[in-house]
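*Asks:* Quick one, structure-v4.cif (mmCIF, C-alpha atoms):
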data_model
loop_
_atom_site.label_atom_id
_atom_site.label_comp_id
_atom_site.auth_asym_id
_atom_site.auth_seq_id
_atom_site.Cartn_x
_atom_site.Cartn_y
_atom_site.Cartn_z
CA MET A 1 29.87 9.66 47.82
CA ASP A 2 29.51 8.19 44.30
CA LEU A 3 30.29 4.52 43.85
CA PRO A 4 33.06 3.71 41.36
CA ARG A 5 31.72 2.93 37.88
CA SER A 6 31.66 -0.77 37.00
CA ARG A 7 34.11 -2.00 34.38
CA ILE A 8 33.80 -4.60 31.62
CA ALA A 9 35.76 -7.03 33.81
CA ASP A 10 33.13 -6.62 36.52
CA LEU A 11 30.36 -7.40 34.06
CA ALA A 12 32.25 -10.44 32.79
CA ARG A 13 32.72 -11.77 36.31
CA HIS A 14 29.06 -11.14 37.22
CA ALA A 15 27.78 -12.83 34.02
CA GLY A 16 30.30 -15.67 34.08
CA VAL A 17 31.67 -14.92 30.61
CA SER A 18 34.85 -13.52 29.11
CA THR A 19 35.53 -9.80 28.69
CA ALA A 20 35.60 -10.41 24.92
CA THR A 21 32.04 -11.75 25.05
CA VAL A 22 30.90 -8.71 27.05
CA ASP A 23 32.50 -6.45 24.43
CA ARG A 24 30.74 -8.30 21.60
CA VAL A 25 27.34 -8.03 23.32
CA LEU A 26 27.67 -4.34 24.17
CA HIS A 27 28.90 -3.35 20.71
CA GLY A 28 27.12 -5.94 18.54
CA ARG A 29 30.38 -6.90 16.82
CA LEU A 30 29.83 -10.65 16.44
CA ALA A 31 26.93 -13.00 16.98
CA VAL A 32 26.44 -14.18 20.58
CA ARG A 33 23.93 -16.80 21.70
CA PRO A 34 20.74 -15.07 22.92
CA ALA A 35 20.94 -16.66 26.40
CA THR A 36 24.52 -15.45 26.83
CA ALA A 37 23.63 -11.95 25.62
CA GLN A 38 20.77 -11.82 28.13
CA ARG A 39 23.13 -12.76 31.00
CA VAL A 40 25.50 -9.95 30.01
CA LEU A 41 22.70 -7.41 29.77
CA ARG A 42 21.24 -8.47 33.10
CA ALA A 43 24.69 -7.99 34.62
CA ALA A 44 24.92 -4.53 33.04
CA ALA A 45 21.56 -3.68 34.61
CA ALA A 46 22.49 -5.04 38.05
CA LEU A 47 25.80 -3.15 38.09
CA GLN A 48 24.27 0.01 36.57
CA TYR A 49 26.84 -0.06 33.79
CA LEU A 50 24.49 1.39 31.15
CA PRO A 51 21.83 4.13 31.39
CA GLU A 52 18.31 2.71 31.55
CA ALA A 53 17.40 3.96 28.06
CA ASP A 54 20.44 2.28 26.52
CA LEU A 55 19.65 -0.96 28.35
CA TRP A 56 16.07 -0.88 27.08
CA ARG A 57 17.31 -0.52 23.51
CA ALA A 58 19.87 -3.30 23.98
CA LEU A 59 17.24 -5.65 25.35
CA GLN A 60 14.97 -5.07 22.37
CA PRO A 61 15.01 -7.87 19.79
CA PRO A 62 16.22 -6.95 16.30
CA PRO A 63 13.57 -5.05 14.33
CA MET A 64 11.18 -7.06 12.19
CA GLU A 65 12.17 -6.64 8.53
CA LEU A 66 9.16 -5.83 6.32
CA ALA A 67 9.07 -5.33 2.55
CA PHE A 68 6.41 -3.52 0.52
CA LEU A 69 6.41 -4.54 -3.16
CA LEU A 70 4.63 -1.88 -5.23
CA PRO A 71 4.01 -1.54 -8.97
CA ALA A 72 6.64 0.45 -10.85
CA GLY A 73 5.44 3.10 -13.29
CA THR A 74 3.81 6.53 -13.29
CA ASN A 75 1.04 5.87 -10.76
CA ARG A 76 1.49 8.83 -8.41
CA TYR A 77 -0.62 7.34 -5.61
CA LEU A 78 1.56 4.22 -5.47
CA ARG A 79 4.67 6.41 -5.45
CA MET A 80 3.17 8.29 -2.51
CA LEU A 81 2.48 4.96 -0.79
CA GLY A 82 6.13 4.02 -1.27
CA ASP A 83 7.23 7.40 0.09
CA SER A 84 4.99 6.83 3.13
CA VAL A 85 6.75 3.52 3.78
CA GLY A 86 10.14 5.24 3.69
CA ALA A 87 9.05 8.20 5.82
CA ALA A 88 7.27 6.20 8.52
CA GLY A 89 10.37 5.31 10.55
CA GLU A 90 9.71 7.51 13.58
CA ALA A 91 5.96 6.80 13.66
CA LEU A 92 6.68 3.06 13.56
CA ALA A 93 9.41 3.08 16.22
CA PRO A 94 7.07 1.64 18.92
CA TYR A 95 6.43 -1.38 16.69
CA ASN A 96 10.15 -2.28 16.36
CA VAL A 97 10.01 -2.82 12.61
CA ARG A 98 12.11 -1.75 9.65
CA CYS A 99 10.14 -1.15 6.43
CA ARG A 100 11.41 -0.81 2.89
CA ALA A 101 9.51 -0.18 -0.35
CA HIS A 102 10.57 -1.82 -3.62
CA PHE A 103 9.05 -1.07 -7.02
CA ILE A 104 8.57 -4.06 -9.32
CA ASP A 105 7.07 -4.98 -12.69
CA SER A 106 3.56 -5.76 -11.47
CA PHE A 107 1.84 -6.77 -14.73
CA ASP A 108 3.95 -9.90 -15.47
CA PRO A 109 2.86 -12.77 -13.19
CA ALA A 110 6.19 -14.61 -13.49
CA ARG A 111 8.12 -11.49 -12.45
CA VAL A 112 5.76 -10.79 -9.57
CA ALA A 113 6.18 -14.37 -8.33
CA ALA A 114 9.98 -14.14 -8.66
CA ALA A 115 10.02 -10.86 -6.72
CA LEU A 116 7.92 -12.40 -3.96
CA ARG A 117 10.31 -15.34 -3.61
CA ARG A 118 13.41 -13.13 -3.77
CA HIS A 119 12.29 -10.60 -1.18
CA GLY A 120 10.68 -13.29 0.96
CA GLN A 121 14.13 -14.79 1.58
CA ARG A 122 15.35 -11.70 3.42
CA THR A 123 12.24 -10.38 5.18
CA GLN A 124 9.94 -11.49 7.97
CA GLY A 125 6.81 -10.04 6.39
CA LEU A 126 5.88 -9.02 2.86
CA ALA A 127 3.10 -6.77 1.54
CA PHE A 128 2.26 -6.37 -2.14
CA MET A 129 -0.43 -5.32 -4.60
CA ALA A 130 -1.58 -8.71 -5.80
CA LEU A 131 -1.98 -9.75 -9.41
CA GLU A 132 -4.64 -12.46 -9.80
CA HIS A 133 -2.71 -15.39 -11.29
CA PRO A 134 -1.83 -19.00 -10.34
CA LYS A 135 1.92 -18.25 -10.42
CA VAL A 136 1.47 -15.43 -7.92
CA ARG A 137 -0.81 -17.54 -5.73
CA GLU A 138 1.76 -20.36 -5.69
CA ALA A 139 4.54 -17.98 -4.60
CA VAL A 140 2.40 -16.61 -1.76
CA ASP A 141 1.58 -20.12 -0.58
CA GLU A 142 5.27 -21.10 -0.67
CA LEU A 143 6.13 -18.13 1.54
CA ALA A 144 3.36 -19.14 3.96
CA GLU A 145 4.92 -22.62 4.16
CA GLN A 146 8.26 -20.99 5.00
CA GLY A 147 6.69 -18.94 7.79
CA VAL A 148 6.82 -15.58 5.95
CA PRO A 149 3.38 -13.91 6.26
CA VAL A 150 2.05 -12.04 3.23
CA VAL A 151 -0.44 -9.15 3.24
CA THR A 152 -2.14 -7.98 0.05
CA LEU A 153 -2.51 -4.24 -0.54
CA ILE A 154 -5.37 -2.51 -2.41
CA SER A 155 -6.06 -5.62 -4.52
CA ASP A 156 -6.57 -9.05 -2.96
CA LEU A 157 -5.59 -12.55 -4.15
CA SER A 158 -8.31 -15.19 -4.14
CA ALA A 159 -7.88 -18.70 -2.66
CA SER A 160 -4.40 -17.91 -1.34
CA ARG A 161 -2.73 -18.19 2.06
CA ARG A 162 -2.21 -14.46 2.48
CA VAL A 163 -2.96 -13.44 6.08
CA ALA A 164 -5.01 -10.29 5.39
CA CYS A 165 -5.85 -7.64 2.81
CA VAL A 166 -5.42 -3.91 3.48
CA GLY A 167 -7.55 -1.64 1.34
CA LEU A 168 -11.02 -0.43 0.47
CA ASP A 169 -14.03 -2.59 -0.18
CA ASN A 170 -13.44 -2.38 -3.94
CA ARG A 171 -16.96 -3.35 -4.96
CA ALA A 172 -18.33 -0.59 -2.71
CA ALA A 173 -15.80 1.82 -4.23
CA GLY A 174 -17.07 1.02 -7.73
CA ARG A 175 -20.67 1.49 -6.64
CA THR A 176 -19.71 4.82 -5.04
CA ALA A 177 -18.14 5.99 -8.32
CA ALA A 178 -21.30 5.05 -10.23
CA MET A 179 -23.48 6.87 -7.73
CA LEU A 180 -21.36 10.01 -7.98
CA ILE A 181 -21.38 10.03 -11.79
CA GLY A 182 -25.11 9.30 -11.99
CA ARG A 183 -26.02 11.98 -9.45
CA PHE A 184 -23.73 14.58 -11.03
CA LEU A 185 -25.22 13.92 -14.48
CA GLY A 186 -28.81 14.21 -13.27
CA PRO A 187 -31.26 13.84 -16.18
CA ARG A 188 -28.53 13.74 -18.86
CA HIS A 189 -28.28 10.74 -21.15
CA GLY A 190 -25.16 9.49 -22.86
CA PRO A 191 -22.29 7.03 -22.82
CA VAL A 192 -20.13 6.37 -19.77
CA ALA A 193 -16.69 4.71 -19.92
CA MET A 194 -14.19 3.12 -17.54
CA ILE A 195 -10.37 3.05 -17.59
CA ALA A 196 -8.73 0.31 -15.51
CA GLY A 197 -5.09 -0.37 -14.76
CA SER A 198 -5.56 -4.08 -15.40
CA LEU A 199 -8.48 -6.40 -14.82
CA SER A 200 -5.88 -8.95 -13.72
CA TYR A 201 -5.98 -6.95 -10.49
CA ARG A 202 -8.89 -8.42 -8.57
CA GLY A 203 -9.47 -5.01 -6.99
CA HIS A 204 -9.93 -3.34 -10.39
CA GLU A 205 -12.25 -6.12 -11.53
CA GLU A 206 -14.34 -5.73 -8.35
CA ARG A 207 -14.56 -1.96 -8.86
CA GLU A 208 -15.78 -2.53 -12.41
CA LEU A 209 -18.42 -5.02 -11.22
CA GLY A 210 -19.66 -2.67 -8.50
CA PHE A 211 -19.83 0.20 -10.99
CA LEU A 212 -21.78 -1.82 -13.55
CA ALA A 213 -24.20 -3.17 -10.95
CA LEU A 214 -25.21 0.23 -9.61
CA MET A 215 -25.40 1.79 -13.08
CA ALA A 216 -27.85 -0.94 -14.15
CA GLU A 217 -29.87 -0.58 -10.93
CA GLN A 218 -30.21 3.19 -10.74
CA PHE A 219 -29.12 4.88 -13.98
CA PRO A 220 -30.36 2.76 -16.92
CA GLN A 221 -30.44 5.88 -19.13
CA LEU A 222 -26.61 5.88 -19.12
CA GLN A 223 -24.94 3.52 -21.56
CA VAL A 224 -21.68 1.95 -20.29
CA VAL A 225 -19.45 1.54 -23.34
CA GLY A 226 -16.93 -0.87 -21.84
CA VAL A 227 -13.63 -0.78 -20.02
CA ARG A 228 -10.15 -0.05 -21.38
CA GLU A 229 -6.92 -1.11 -19.66
CA GLY A 230 -4.23 1.55 -19.41
CA ARG A 231 -1.82 -0.16 -16.98
CA ASP A 232 -1.97 2.90 -14.72
CA ASP A 233 0.21 4.75 -17.24
CA ALA A 234 -0.62 8.42 -17.78
CA GLN A 235 0.44 8.51 -21.45
CA THR A 236 -1.45 5.32 -22.30
CA ASN A 237 -4.55 6.68 -20.55
CA TYR A 238 -4.20 9.92 -22.53
CA ARG A 239 -4.27 7.99 -25.81
CA LEU A 240 -7.17 5.77 -24.72
CA VAL A 241 -9.35 8.73 -23.68
CA SER A 242 -8.45 10.75 -26.78
CA THR A 243 -9.72 7.85 -28.87
CA LEU A 244 -12.81 7.49 -26.66
CA LEU A 245 -13.67 11.14 -27.21
CA GLU A 246 -13.33 10.72 -30.96
CA GLN A 247 -15.66 7.71 -30.87
CA HIS A 248 -18.07 9.25 -28.34
CA PRO A 249 -17.92 13.06 -28.54
CA ASP A 250 -20.93 13.13 -26.21
CA LEU A 251 -19.12 11.11 -23.49
CA ALA A 252 -21.10 11.88 -20.35
CA GLY A 253 -19.07 10.18 -17.64
CA LEU A 254 -15.68 8.58 -17.04
CA TYR A 255 -14.50 6.41 -14.14
CA ASN A 256 -10.75 5.90 -13.73
CA ILE A 257 -10.54 2.64 -11.78
CA GLY A 258 -6.77 2.75 -11.31
CA GLY A 259 -4.00 5.34 -11.65
CA GLY A 260 -2.72 7.65 -14.35
CA ALA A 261 -5.54 10.18 -13.91
CA GLU A 262 -3.34 13.04 -15.11
CA GLY A 263 -3.30 11.56 -18.64
CA ILE A 264 -7.09 11.35 -18.67
CA GLY A 265 -7.34 14.91 -17.39
CA ARG A 266 -5.07 16.16 -20.15
CA ALA A 267 -7.22 14.48 -22.83
CA LEU A 268 -10.40 15.97 -21.34
CA GLN A 269 -8.85 19.44 -21.16
CA GLU A 270 -7.87 19.28 -24.84
CA ARG A 271 -11.43 18.40 -25.85
CA PRO A 272 -13.16 21.03 -28.02
CA ARG A 273 -15.00 23.45 -25.76
CA HIS A 274 -18.40 23.10 -27.50
CA GLY A 275 -18.93 19.66 -25.89
CA GLU A 276 -20.64 19.21 -22.53
CA HIS A 277 -18.57 18.57 -19.42
CA THR A 278 -17.68 14.89 -18.90
CA VAL A 279 -18.18 13.94 -15.26
CA PHE A 280 -14.86 12.42 -14.20
CA VAL A 281 -14.30 10.34 -11.04
CA ALA A 282 -10.91 8.86 -10.10
CA HIS A 283 -9.02 7.14 -7.29
CA GLY A 284 -6.23 8.46 -5.08
CA LEU A 285 -5.60 12.04 -3.94
CA THR A 286 -2.22 13.06 -5.36
CA PRO A 287 -0.74 16.39 -6.49
CA ASP A 288 -2.03 15.61 -10.00
CA THR A 289 -5.61 14.74 -9.02
CA ARG A 290 -5.63 17.69 -6.64
CA ALA A 291 -4.74 20.04 -9.53
CA LEU A 292 -7.44 18.45 -11.71
CA LEU A 293 -10.03 18.96 -8.95
CA ILE A 294 -9.09 22.62 -8.59
CA ALA A 295 -9.25 23.09 -12.38
CA GLY A 296 -12.74 21.56 -12.45
CA THR A 297 -11.70 18.77 -14.85
CA LEU A 298 -12.04 16.10 -12.16
CA ASP A 299 -15.24 16.02 -10.14
CA ALA A 300 -14.46 13.62 -7.29
CA VAL A 301 -11.65 11.45 -5.93
CA ILE A 302 -12.22 8.24 -4.00
CA ASN A 303 -9.33 8.11 -1.58
CA GLN A 304 -7.60 5.79 0.86
CA HIS A 305 -4.87 7.47 2.89
CA PRO A 306 -1.36 6.05 2.25
CA GLN A 307 -0.27 6.52 5.87
CA THR A 308 -3.27 4.50 7.10
CA MET A 309 -2.44 1.75 4.61
CA VAL A 310 1.14 1.50 5.90
CA LEU A 311 0.17 1.63 9.58
CA ASN A 312 -2.55 -1.03 9.19
CA THR A 313 -0.12 -3.31 7.37
CA VAL A 314 2.52 -2.94 10.08
CA ARG A 315 -0.04 -3.61 12.81
CA ILE A 316 -1.04 -6.86 11.10
CA PHE A 317 2.56 -8.08 10.95
CA THR A 318 3.31 -7.14 14.55
CA ASN A 319 0.08 -8.79 15.69
CA LEU A 320 1.29 -12.03 14.13
CA ARG A 321 4.76 -11.62 15.63
CA ASP A 322 3.26 -11.10 19.10
CA GLY A 323 0.86 -14.04 18.85
CA ARG A 324 -2.37 -12.06 18.35
CA SER A 325 -5.03 -12.38 15.68
CA ALA A 326 -3.79 -10.73 12.46
CA THR A 327 -6.41 -7.98 12.41
CA ALA A 328 -6.73 -7.36 16.16
CA GLY A 329 -7.15 -3.61 16.70
CA VAL A 330 -6.84 -2.85 12.97
CA GLU A 331 -9.52 -0.44 11.76
CA PRO A 332 -10.93 -1.11 8.27
CA VAL A 333 -9.80 1.34 5.58
CA ARG A 334 -12.73 3.67 4.98
CA ILE A 335 -13.79 5.24 1.69
CA SER A 336 -13.41 9.00 1.65
CA VAL A 337 -14.76 11.13 -1.21
CA VAL A 338 -12.78 14.28 -1.92
CA LEU A 339 -14.34 17.16 -3.89
CA ARG A 340 -12.89 20.50 -4.83
CA GLU A 341 -14.81 22.14 -1.99
CA ASN A 342 -13.52 19.81 0.76
CA LEU A 343 -9.89 19.41 -0.30
CA PRO A 344 -7.75 18.70 2.78
#
Please go through the file and, once you have read it, give me the structure as structure tokens.
*Replies:*
Amino acid sequence: MDLPRSRIADLARHAGVSTATVDRVLHGRLAVRPATAQRVLRAAAALQYLPEADLWRALQPPPMELAFLLPAGTNRYLRMLGDSVGAAGEALAPYNVRCRAHFIDSFDPARVAAALRRHGQRTQGLAFMALEHPKVREAVDELAEQGVPVVTLISDLSASRRVACVGLDNRAAGRTAAMLIGRFLGPRHGPVAMIAGSLSYRGHEERELGFLALMAEQFPQLQVVGVREGRDDAQTNYRLVSTLLEQHPDLAGLYNIGGGAEGIGRALQERPRHGEHTVFVAHGLTPDTRALLIAGTLDAVINQHPQTMVLNTVRIFTNLRDGRSATAGVEPVRISVVLRENLP
């Protein structure tokens, strides 16, 4: 014979609270002190008022609110990273977090700092692609003082109180790009150029330094003609490379340190066909770089998977929430080199 189902009045009596308080706890209508809410939920468990799954959800603390601040613009990889944040809800359910991506003006230090302070007021963890500047560093340190942990993505921030950086070893990435270009060119001589998003990104500066170091060590026959900054904008990169090709029609190699590879690819494809192929290496596997690989315009992509970036960032924040070391159990982001013949 089934026992009669408990009523709200039974829960109230068992928990020593009013029926109105029970109603508020069960339906989340108004704030209730945590200790009182726990008494009500324990009563609901003892009297088998709610199914076990519903009780488990009710006993869970509110999800941790996390914000990802990413550069606005035409960088397709960063757009994919933002999409990965938005699409990761189900995969992140065990971590009890809620993630949102916001796109900001990332090249103005004052605006980056203002965005950090603004979003830091309504989140419990903040991840962003850092711009190397005292104003940005000060904003990060203020958030640390307020108990809001900050993780840097892709590009780190020196001498700051950020808790961790998620991304490639950028100096190793630059060295890898130089090795690929040098090996692909073989005995050829000629100029080699770089296009960065901005050298105010520490990550882009480190990639440049790694590239230059390995070129000098192993390929002295190749002349590096300097770096241009295209702000990860495809149209700006198109204009920069069109000018480069006018100045150096024998351009042997090109390393795109940041985004906007599709603009570079378009300029290379419009080059007169009597010139030799320019070995082109870029970052980030996107629909655009994939198409350039298949066309043979782009020779290699150095990639870091967006989903891994998001998951590693979330793990760092939840480690801190649960009292563990920030990077406990977090695997380093590994460099993967994608060619036309191994496209995933």
*Asks:* I'd like the residues picked by the PyMOL selection byres ((chain A and resi 88) around 10) written out as a PyMOL selection string, using the chain letters and numbers from the file.
*Replies:* chain A and resi 83-87+89-93+98-100+307+310-311
*Asks:* Run the PyMOL selection byres ((chain A and resi 199-203) around 9) mentally over the shown coordinates, then write out the matched residues as a ChimeraX atom specification, using the chain letters and numbers from the document.
*Replies:* /A:107,129-133,154-158,168-171,196-198,204-208,229
*Asks:* In terms of the shortest atom-to-atom distance over all atoms listed in the file, which of A:Gly125, A:Val136, A:Val241, A:Glu262 is closest to Ala159 of chain A?
*Replies:*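 Among A:Gly125, A:Val136, A:Val241, A:Glu262, it is A:Val136 that comes nearest to Ala159 of chain A.
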*Asks:* So that I can check the surroundings of His14 of chain A, please list as a ChimeraX atom specification every protein, DNA and RNA residue that reaches within 10 Å of it, counting only C-alpha atoms and ignoring chain neighbours fewer than 6 positions away.
*Replies:* /A:8,39-40,42-44,46-47
*Asks:* Atom CA of Gln218 of chain A to atom CA of Leu254 of chain A: how many Å, to one decimal?
*Replies:* 16.7 Å
*Asks:* Please enumerate the residues selected by the PyMOL selection byres ((chain A and resi 21) around 9) when evaluated against the supplied file, formatted as a count of residues only.
*Replies:* 15
*Asks:* Identify, on the basis of all atoms listed in the file, every residue whose closest approach to Asp288 of chain A does not exceed 12 Å; exclude the query and any residue fewer than 5 positions from it along the same chain; express the result as a PyMOL selection string.
*Replies:* chain A and resi 74-77+80+234+259-266+282-283+293-295+297-298+301
*Asks:* So what do you get for atom CA of Val338 of chain A versus atom CA of Ala300 of chain A, distance-wise?
*Replies:*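 That distance, rounded to one decimal, is 5.7 Å.
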*Asks:* Quote the spacing between atom CA of Gly284 of chain A and atom CA of Arg239 of chain A in Å to one decimal place.
*Replies:*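 Atom CA of Arg239 of chain A lies 20.8 Å from atom CA of Gly284 of chain A.
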*Asks:* Which residue is closest to Ile257 of chain A? Choose from A:Leu222, A:Ala127, A:Met194, A:Leu240 and count all atoms listed in the file.
*Replies:*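 Closest to Ile257 of chain A of all the choices is A:Met194.
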*Asks:* Write out as a PyMOL selection string the residues lying within 12 Å of segment 114-123 of chain A, counting only C-alpha atoms and excluding same-chain residues fewer than 6 positions away.
*Replies:* chain A and resi 63-71+97-106+108+129-131+135-152+317
*Asks:* Between A:Leu126, A:Val192, A:Leu244, A:Leu212, single out the one closest to Val224 of chain A, counting all atoms listed in the file.
*Replies:*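 Residue with the minimum atom-to-atom distance to Val224 of chain A: A:Val192.
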*Asks:* Looking at A:Ala328, A:Leu268, A:Leu245, A:Ile335, which one is nearest to Leu292 of chain A, with distances taken over all atoms listed in the file?
*Replies:*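 Closest residue, counting all atoms listed in the file: A:Leu268.
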*Asks:* Can you work out which one of A:Pro94, A:Phe280, A:Asp250, A:Asp232 has the shortest atom-to-atom distance to Ile181 of chain A, counting all atoms listed in the file?
*Replies:*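 Closest residue, counting all atoms listed in the file: A:Phe280.
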